[in-house]
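Trainee: Before we start, here is the structure in question, set down as structure tokens.
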Amino acid sequence: MTEALLSLISATALLLGSPGPATLGLAGVGATFGIRGGLNFLGGVLVGLCVVIVGAGLGLAALFAAFPSARLAVQIIGGLYICYIATKIALAPHIANTNHTKASRPKFIEGFILNLLNPKAYAAFLALFSQFLLPFSSAAVAFIITAVTCFLVAVFVDTLWLSFGGIIRPLFRRQKQARIVRVIFAVLMITAVLWAFTQ
């Protein structure tokens, strides 16, 4: 059991912690709006992840296999939405303008929708549930404990990405540097979307 648990934690950290739309979005939000300014967005990302976990566990793969057009539609909508969040990060106003920055910071619902439409999250959980399900005699217990373990790892990893963004926030004191860093995060998010479409 210990070996299975360590394998699950390692695989989850690698799959969910690798650069992708949600992690890069969290880092970009942390860098642009600070850790406290990104907590609502982080909450939305994590709640969206709960929906993804349940969807993956209930056989969303079977639905997508039966209706390939549904999978493609979710991928396109998700890709467009991730591009929207990337644009919002890239075009955020300079942090000296606090009133404007407060109004434009990504909200809970935007984080929720981002992960809900994130193809990488579904692929990660379909892989985790098919390869790393913890060995319990009851399938329901195995799914629940595996899902909770994955979620706790995701909380840790996503908080690290938001904190990383907060740590590099001092780069944003100068308007030109800030724009460059925000555009880099936005380009990386869009690249992650394009890469997901090629898989």
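By convention here, the chains of the structure tokens are called A, B, ... in the order presented, each chain's residues are numbered starting at 1, and ligands are numbered starting at 1 in the order presented.
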Contacts of stretch 123-133 of chain A at 8 Å or less, counting only C-alpha atoms, minus same-chain residues fewer than 6 places along, as a compact mmCIF listing (two decimals) with all heavy atoms, in the first residue's frame?

Mentor:
# COMPACT_ATOMS: atom_id res chain seq x y z
N ALA A 4 2.21 1.90 -3.43
CA ALA A 4 1.15 2.37 -4.32
C ALA A 4 0.82 3.83 -4.04
O ALA A 4 0.61 4.63 -4.96
CB ALA A 4 -0.09 1.50 -4.17
N SER A 7 3.63 6.05 -5.32
CA SER A 7 3.55 6.12 -6.79
C SER A 7 2.45 7.07 -7.22
O SER A 7 2.62 7.87 -8.14
CB SER A 7 3.28 4.73 -7.36
OG SER A 7 4.36 3.88 -7.12
N LEU A 8 1.28 6.98 -6.55
CA LEU A 8 0.16 7.86 -6.88
C LEU A 8 0.53 9.32 -6.63
O LEU A 8 0.27 10.19 -7.47
CB LEU A 8 -1.07 7.47 -6.05
CG LEU A 8 -2.27 8.42 -6.19
CD1 LEU A 8 -2.85 8.38 -7.60
CD2 LEU A 8 -3.35 8.06 -5.16
N ALA A 11 3.10 10.50 -9.27
CA ALA A 11 2.49 10.65 -10.59
C ALA A 11 1.57 11.87 -10.63
O ALA A 11 1.56 12.64 -11.59
CB ALA A 11 1.71 9.39 -10.96
N THR A 12 0.79 12.06 -9.55
CA THR A 12 -0.12 13.21 -9.49
C THR A 12 0.66 14.51 -9.50
O THR A 12 0.31 15.46 -10.22
CB THR A 12 -1.01 13.13 -8.24
OG1 THR A 12 -1.69 11.89 -8.23
CG2 THR A 12 -2.02 14.25 -8.20
N LEU A 15 2.04 15.01 -13.05
CA LEU A 15 1.01 15.31 -14.06
C LEU A 15 0.36 16.67 -13.83
O LEU A 15 0.16 17.45 -14.75
CB LEU A 15 -0.05 14.22 -14.07
CG LEU A 15 0.33 12.91 -14.76
CD1 LEU A 15 -0.70 11.83 -14.48
CD2 LEU A 15 0.49 13.12 -16.25
N LEU A 16 0.00 16.95 -12.57
CA LEU A 16 -0.70 18.21 -12.29
C LEU A 16 0.25 19.37 -12.07
O LEU A 16 -0.13 20.53 -12.24
CB LEU A 16 -1.60 18.05 -11.05
CG LEU A 16 -2.70 17.00 -11.17
CD1 LEU A 16 -3.56 17.00 -9.91
CD2 LEU A 16 -3.58 17.22 -12.39
N VAL A 52 -13.73 17.82 -12.35
CA VAL A 52 -12.94 17.01 -13.28
C VAL A 52 -12.70 15.62 -12.70
O VAL A 52 -12.84 14.60 -13.39
CB VAL A 52 -11.59 17.70 -13.62
CG1 VAL A 52 -10.67 16.76 -14.38
CG2 VAL A 52 -11.83 18.97 -14.41
N ILE A 53 -12.35 15.56 -11.42
CA ILE A 53 -12.09 14.27 -10.75
C ILE A 53 -13.33 13.39 -10.81
O ILE A 53 -13.26 12.21 -11.17
CB ILE A 53 -11.64 14.49 -9.29
CG1 ILE A 53 -10.25 15.13 -9.26
CG2 ILE A 53 -11.63 13.17 -8.53
CD1 ILE A 53 -9.82 15.60 -7.87
N ALA A 56 -13.99 12.32 -14.46
CA ALA A 56 -13.06 11.27 -14.90
C ALA A 56 -13.41 9.94 -14.23
O ALA A 56 -13.36 8.89 -14.87
CB ALA A 56 -11.63 11.67 -14.57
N GLY A 57 -13.77 10.00 -12.96
CA GLY A 57 -14.11 8.78 -12.24
C GLY A 57 -15.40 8.15 -12.71
O GLY A 57 -15.57 6.93 -12.64
N ALA A 61 -14.40 9.37 -20.11
CA ALA A 61 -13.66 8.82 -21.26
C ALA A 61 -14.59 8.00 -22.14
O ALA A 61 -14.50 8.04 -23.37
CB ALA A 61 -12.51 7.96 -20.77
N ALA A 142 -11.61 2.56 -3.19
CA ALA A 142 -10.37 2.81 -3.95
C ALA A 142 -10.48 4.12 -4.72
O ALA A 142 -9.54 4.94 -4.70
CB ALA A 142 -10.11 1.65 -4.90
N PHE A 143 -11.61 4.35 -5.37
CA PHE A 143 -11.80 5.58 -6.13
C PHE A 143 -11.79 6.80 -5.21
O PHE A 143 -11.11 7.79 -5.47
CB PHE A 143 -13.11 5.54 -6.92
CG PHE A 143 -13.54 6.89 -7.42
CD1 PHE A 143 -12.87 7.53 -8.45
CD2 PHE A 143 -14.60 7.56 -6.81
CE1 PHE A 143 -13.25 8.79 -8.88
CE2 PHE A 143 -14.97 8.81 -7.23
CZ PHE A 143 -14.30 9.43 -8.27
N THR A 146 -8.29 7.44 -3.66
CA THR A 146 -7.39 7.89 -4.73
C THR A 146 -7.72 9.34 -5.11
O THR A 146 -6.82 10.18 -5.25
CB THR A 146 -7.51 6.98 -5.96
OG1 THR A 146 -7.15 5.64 -5.59
CG2 THR A 146 -6.60 7.44 -7.09

Trainee: Let me make sure I understand: among A:Ala13, A:Leu24, A:Leu58, A:Cys83, which one has the smallest atom-to-atom distance to A:Ile144 if we use only C-alpha atoms?

Mentor: A:Leu58

Trainee: How would you write, as a VMD selection string, the set of residues in chain A that DSSP gives as alpha helix (DSSP H)?

Mentor: chain A and resid 2 to 17 21 to 37 39 to 57 60 to 66 68 to 90 98 to 104 108 to 116 119 to 131 139 to 167 175 to 198

Trainee: Looking at only C-alpha atoms, which of A:Pro135, A:Ala73, A:Gly38, A:Leu194 is the one that sits closest to A:Thr2?

Mentor: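 The closest residue to A:Thr2 is A:Pro135.
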
Trainee: Just checking: using only C-alpha atoms, which residue out of A:Ile168, A:Val51, A:Ala90, A:Val148 ends up closest to A:Ile180?

Mentor: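 Nearest candidate to A:Ile180 out of A:Ile168, A:Val51, A:Ala90, A:Val148: A:Ala90.
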
Trainee: Sorted by chain and rising residue number, which residues of stretch 26-72 of chain A lie within 9 Å of stretch 181-193 of chain A, and what are their closest atom pairs and distances in Å to one decimal, counting only C-alpha atoms, as CSV?

Mentor:
residue,atom,partner,partner_atom,distance
A:Ala27,CA,A:Phe185,CA,7.8
A:Gly28,CA,A:Phe185,CA,5.8
A:Val29,CA,A:Arg182,CA,9.0
A:Ala31,CA,A:Arg182,CA,7.9
A:Thr32,CA,A:Arg182,CA,7.3

Trainee: Can you work out which one of A:Pro19, A:Gly166, A:Pro119, A:Gly37 has the shortest atom-to-atom distance to A:Leu80, counting only C-alpha atoms?

Mentor: A:Pro119
